[in-house]
Amino acid sequence: MRYLVSWERLTETPETWDNVSSDLNGLRQKGVRPIIGLVHHGSGPPTTDLLSHCFATGLAAHARTTVERFPWVMEWTPVNEPLTTARFAALYGLWFPHHRDERSFWIALLNQVDATRLAMREIRAVNPQALLVQTEDLGRTYATAALGDQSGFDNTRRWMTWDLLAGRVNPAHPFWDRLVAMGLGDRLRVIADDPCPADIIGVNHYLTSDRFLDHRTHLYPAERCGSNASRRYADVEAIRVLGATPAGLRGALDEAWTRYGKPIAVTECHNACTREEQMRWTAEAWAIARSLRARGVDIVAVTAWAAAGSRNWSSLLTRDDGLYECGAFDSRSGALRSTAMVPLLRELASDSTANHPVVAAPGWWRRTIRFAYPALGMATPVALASLDRDSAGGGPPILIAGGTGTLGQAIAQACHHRGLRFVLTTRADLDVTDAASIDDALARFRPWAVINATGWVRVDDAETQVENCRDINVTGAALLARACEKAAIHYTALSSDLVFDGTKQDLYVEDDAPAPLGIYGQTKAEAEAGAPHGLTIRTAAFFSPNDAHNFAVAVRDTLRAGQVFEAAADYFITPTYVPDLVANLLDLVIDREVGIWHLSNGEAVSWAEFAGRIAKACALPVDLLSAVPGDTLGWTALRPRNAGLGTSLGVRMPTLGDAIDRFAAASPSLPAARQAA
């Protein structure tokens, strides 16, 4: 396991050494070998930085302190990705010390290489057998012919961390004259005379590591274009534009083996995506490693990076957006929850076949959805097989009951986009109130999971049509849940915030006891109790631009028509954006989770405040909104005044503000004349 003994953190807060000792000794007791890192995209404590002459000696001192505490550790990565760190900190200016010139870049790289050399000298003084596992992001740059020299430069530069450590940067190296001209010749000679080659080449490769440079900037959004000293060009992910699939991880490993002939570990290969895509990419990376190993390439490991997830990498750590990317484990609740990645990793490590139904389908990088730019890709698209009930093969599907409803349709659309085989049923295919119909559908479609998106949804009508509501929400749900349990099929149902009475001052969490006020809430609470072995998703007030029958659309369309819209000012809910709900629901289904989970966008607002925020985001006149008491709106059923849903289980969706912005962006624009008025 890669474990960071952070130079910055330990210098500033020495008491955390106790935590580090507890962690590392705990790993040792469990038979887990740690690979200690000392700097991970950092610049050291406040007394130094990547451009400081004391960076290398400072890290060496920290290395000595660390190895004296843990002399039994064999594998070390003093500096993670020196080249990548130098690019983002000293060439692009995104990270401290925020320089933007080539000489600063080379100095930052040389300082990190020297830090690695000196750190390993200190480590080996205590443990002579210690190994250097040197990591670096490795991809290939492709380009149009007009930018061939730039791609050639990039494809030489990508090796510089390992080349420098190996003492290869000498007068025969392509970059020697360039660096000597910058006054760096003496430093290069010192490194070449006292090299510290990697014992294990740690290849970090992502689906976005391969890049494509295009001089035709008009084909791309402005934010994807930049310039160097002489010209402007687009820099995009190769997988998003090239008609022929880039060399990818296989190419990176093959090239590294050919160049160095050293043992190789895949030290990062994360895919920041939905659960099934994480699994598909991990399985593919493992298969690539095994096939190369069988061919004689010395692949020693594939790392599930990062095991407990990571935060804010969508902005390259330049902002704290609170965005969490799940790893093999989900750590958001404060405890580690195993996702579907965990059994997959066990299967791969034991040479078993991956048996989760979602793994066999191709990942997004092998489907036409990978194309984001038409420059080269769409002329030769890869055929995307139909994923509906008529598709041949592909393994068992997810059965979505409730094909005519908003939620059923949204789940089906998400499954199609994610490459998840599904069957979307109507009542003619599956009548949840008829046990024989259920048995027939399960036998005919043979699903591995069932999502029950059926249900009585008319809250006020339930008060007068009790039996009809109960037939669908309670009897039918129980029949379907029991049939799935009997057939060992994962079962998911949707419940509501209306199972609560609204007397709690804070947000309701999963283990709060239901106390419904009306018939609809009663039936949902009974349905929850009737499916103890399934997954129940409680949600509330969901909204989407793709459904004509939800509150947000009603606000938008009423105000757009110049009419007054009334909304309750004294009833509070946690609105839920359907795309976010569906994305997280499907991840939990793939994880085969059970129990009750709350999914909402996490912020409790009144119906009136929700309406006002929709109006503002859509640039509609808020003066046409009327905040009124809820009891004046003609509701028949009692509703809880405070039905906000929180969670103790850690799955937190994007913020409500972010969801409202996306709703507005997906909504048709108001005519210019009306906006002006």
# chains A, B, ... in the order shown; residues from 1 in each chain; ligands from 1

$ closest_atom_pairs --of "region 557-625 of chain A" --to "region 355-362 of chain A" --cutoff "12 Å" --atoms "only C-alpha atoms" --output "JSON lines"
{"residue": "A:Leu586", "atom": "CA", "partner": "A:Val358", "partner_atom": "CA", "distance": 11.2}
{"residue": "A:Asp587", "atom": "CA", "partner": "A:Val358", "partner_atom": "CA", "distance": 11.1}
{"residue": "A:Val589", "atom": "CA", "partner": "A:Val358", "partner_atom": "CA", "distance": 10.9}
{"residue": "A:Ile590", "atom": "CA", "partner": "A:Val358", "partner_atom": "CA", "distance": 7.8}
{"residue": "A:Asp591", "atom": "CA", "partner": "A:His356", "partner_atom": "CA", "distance": 9.7}
{"residue": "A:Arg592", "atom": "CA", "partner": "A:His356", "partner_atom": "CA", "distance": 10.2}

$ closest_atom_pairs --of "region 388-489 of chain A" --to "region 278-299 of chain A" --cutoff "12 Å" --atoms "only C-alpha atoms" --output "Markdown table"
| residue | atom | partner | partner_atom | distance |
| --- | --- | --- | --- | --- |
| A:Arg418 | CA | A:Arg280 | CA | 11.3 |
| A:Gly419 | CA | A:Arg280 | CA | 10.8 |
| A:Leu420 | CA | A:Arg280 | CA | 11.6 |

$ residues_around --residues "Ala301 (chain A)" --least-positions-apart "6" --cutoff "9 Å" --atoms "only C-alpha atoms" --output "PyMOL selection string"
chain A and resi 264-267+289

$ residues_around --residues "region 179-181 of chain A" --least-positions-apart "6" --cutoff "12 Å" --atoms "only C-alpha atoms" --output "list in words"
Glu102, Arg103, Ser104, Phe105, Trp106, Ile107, Leu109, Leu110, Arg157, Met160, Val169, Asn170, Pro171, His173, Arg187, Leu188 and Arg189 of chain A

$ residues_around --residues "Asp439 (chain A)" --least-positions-apart "4" --cutoff "12 Å" --atoms "only C-alpha atoms" --output "PyMOL selection string"
chain A and resi 429-435+443-447+479-487

$ atom_distance --atom1 "CA of His40 (chain A)" --atom2 "CA of Val79 (chain A)"
6.2 Å

$ closest_residue --among "A:Leu624, A:Val582, A:Leu588, A:Val203" --to "Glu276 (chain A)" --atoms "only C-alpha atoms"
A:Leu588

$ select_by_dssp --residues "region 81-160 of chain A" --states "alpha helix (DSSP H)" --output "PyMOL selection string"
chain A and resi 82-86+102-126+148-157+160

$ residues_around --residues "Ile472 (chain A)" --least-positions-apart "2" --cutoff "8 Å" --atoms "only C-alpha atoms" --output "compact mmCIF listing (two decimals) with N, CA and C atoms, in the first residue's frame"
# COMPACT_ATOMS: atom_id res chain seq x y z
N VAL A 432 -46.86 -5.49 -11.01
CA VAL A 432 -46.32 -5.78 -9.68
C VAL A 432 -47.38 -6.28 -8.72
N THR A 433 -48.64 -6.12 -9.03
CA THR A 433 -49.70 -6.62 -8.15
C THR A 433 -50.09 -8.05 -8.47
N THR A 454 -42.02 1.70 -10.05
CA THR A 454 -43.47 1.86 -10.09
C THR A 454 -43.93 2.53 -8.80
N GLY A 455 -45.17 2.86 -8.74
CA GLY A 455 -45.69 3.38 -7.48
C GLY A 455 -46.79 4.40 -7.70
N TRP A 456 -47.65 4.47 -6.72
CA TRP A 456 -48.67 5.51 -6.66
C TRP A 456 -47.99 6.80 -6.22
N ASN A 468 -56.36 1.54 -3.76
CA ASN A 468 -55.57 1.59 -5.00
C ASN A 468 -54.11 1.94 -4.70
N CYS A 469 -53.92 2.92 -3.84
CA CYS A 469 -52.57 3.30 -3.45
C CYS A 469 -51.86 2.15 -2.75
N ARG A 470 -52.56 1.48 -1.85
CA ARG A 470 -51.95 0.38 -1.09
C ARG A 470 -51.62 -0.81 -1.99
N VAL A 474 -47.74 -1.01 -1.51
CA VAL A 474 -47.45 -1.97 -0.44
C VAL A 474 -47.50 -3.40 -0.97
N THR A 475 -48.69 -3.81 -1.44
CA THR A 475 -48.84 -5.21 -1.86
C THR A 475 -47.93 -5.54 -3.03
N GLY A 476 -47.98 -4.70 -4.07
CA GLY A 476 -47.15 -4.97 -5.25
C GLY A 476 -45.67 -4.92 -4.93
N ALA A 477 -45.26 -3.92 -4.14
CA ALA A 477 -43.85 -3.81 -3.79
C ALA A 477 -43.38 -5.03 -3.00

$ select_by_dssp --residues "region 276-487 of chain A" --states "strand (DSSP E or B)" --output "MDAnalysis selection string"
chainID A and resid 299:302 310:311 324:325 329:330 337:338 398:401 422:425 449:452

$ write_last_selection --atoms "C-alpha atoms" --output "tab-separated table (two decimals), in the first residue's frame"
chain	number	residue	atom	x	y	z
A	299	ILE	CA	5.12	-6.26	-14.49
A	300	VAL	CA	5.22	-6.67	-10.71
A	301	ALA	CA	2.02	-4.94	-9.54
A	302	VAL	CA	-1.19	-3.16	-10.44
A	310	SER	CA	-9.63	11.29	-3.33
A	311	ARG	CA	-10.93	14.85	-3.27
A	324	TYR	CA	-15.04	13.28	-3.77
A	325	GLU	CA	-14.01	10.51	-6.16
A	329	PHE	CA	-13.71	1.93	-0.62
A	330	ASP	CA	-16.04	4.85	0.03
A	337	ARG	CA	-17.56	1.06	2.91
A	338	SER	CA	-16.69	-1.63	0.39
A	398	ILE	CA	-31.07	-4.67	-14.93
A	399	LEU	CA	-34.86	-4.83	-14.97
A	400	ILE	CA	-36.50	-1.43	-14.47
A	401	ALA	CA	-40.14	-1.77	-13.51
A	422	PHE	CA	-31.36	-3.09	-19.12
A	423	VAL	CA	-34.97	-4.03	-19.67
A	424	LEU	CA	-37.58	-1.30	-19.21
A	425	THR	CA	-40.97	-2.82	-18.47
A	449	ALA	CA	-31.01	-6.61	-10.42
A	450	VAL	CA	-34.53	-5.15	-10.29
A	451	ILE	CA	-35.29	-1.47	-9.72
A	452	ASN	CA	-38.89	-0.88	-8.74

$ residues_around --residues "Asn25 (chain A)" --least-positions-apart "5" --cutoff "9 Å" --atoms "only C-alpha atoms" --output "list in words"
Val20, Lys30 and Phe70 of chain A

$ write_last_selection --atoms "N, CA and C atoms" --output "compact mmCIF listing (two decimals), in the first residue's frame"
# COMPACT_ATOMS: atom_id res chain seq x y z
N VAL A 20 1.07 8.27 12.32
CA VAL A 20 1.81 7.56 11.27
C VAL A 20 2.32 6.22 11.80
N LYS A 30 -0.75 -6.60 9.80
CA LYS A 30 -1.69 -7.27 8.89
C LYS A 30 -1.00 -7.89 7.69
N PHE A 70 11.18 3.74 10.88
CA PHE A 70 10.61 2.57 10.21
C PHE A 70 11.68 1.89 9.34

$ atom_distance --atom1 "CA of Ala554 (chain A)" --atom2 "CA of Ser667 (chain A)"
12.1 Å

$ closest_residue --among "A:Ile489, A:Ile411, A:Leu442, A:Val459" --to "Val578 (chain A)" --atoms "only C-alpha atoms"
A:Ile411

$ closest_residue --among "A:Tyr577, A:Trp597, A:Tyr220, A:Tyr508" --to "Thr536 (chain A)" --atoms "only C-alpha atoms"
A:Trp597
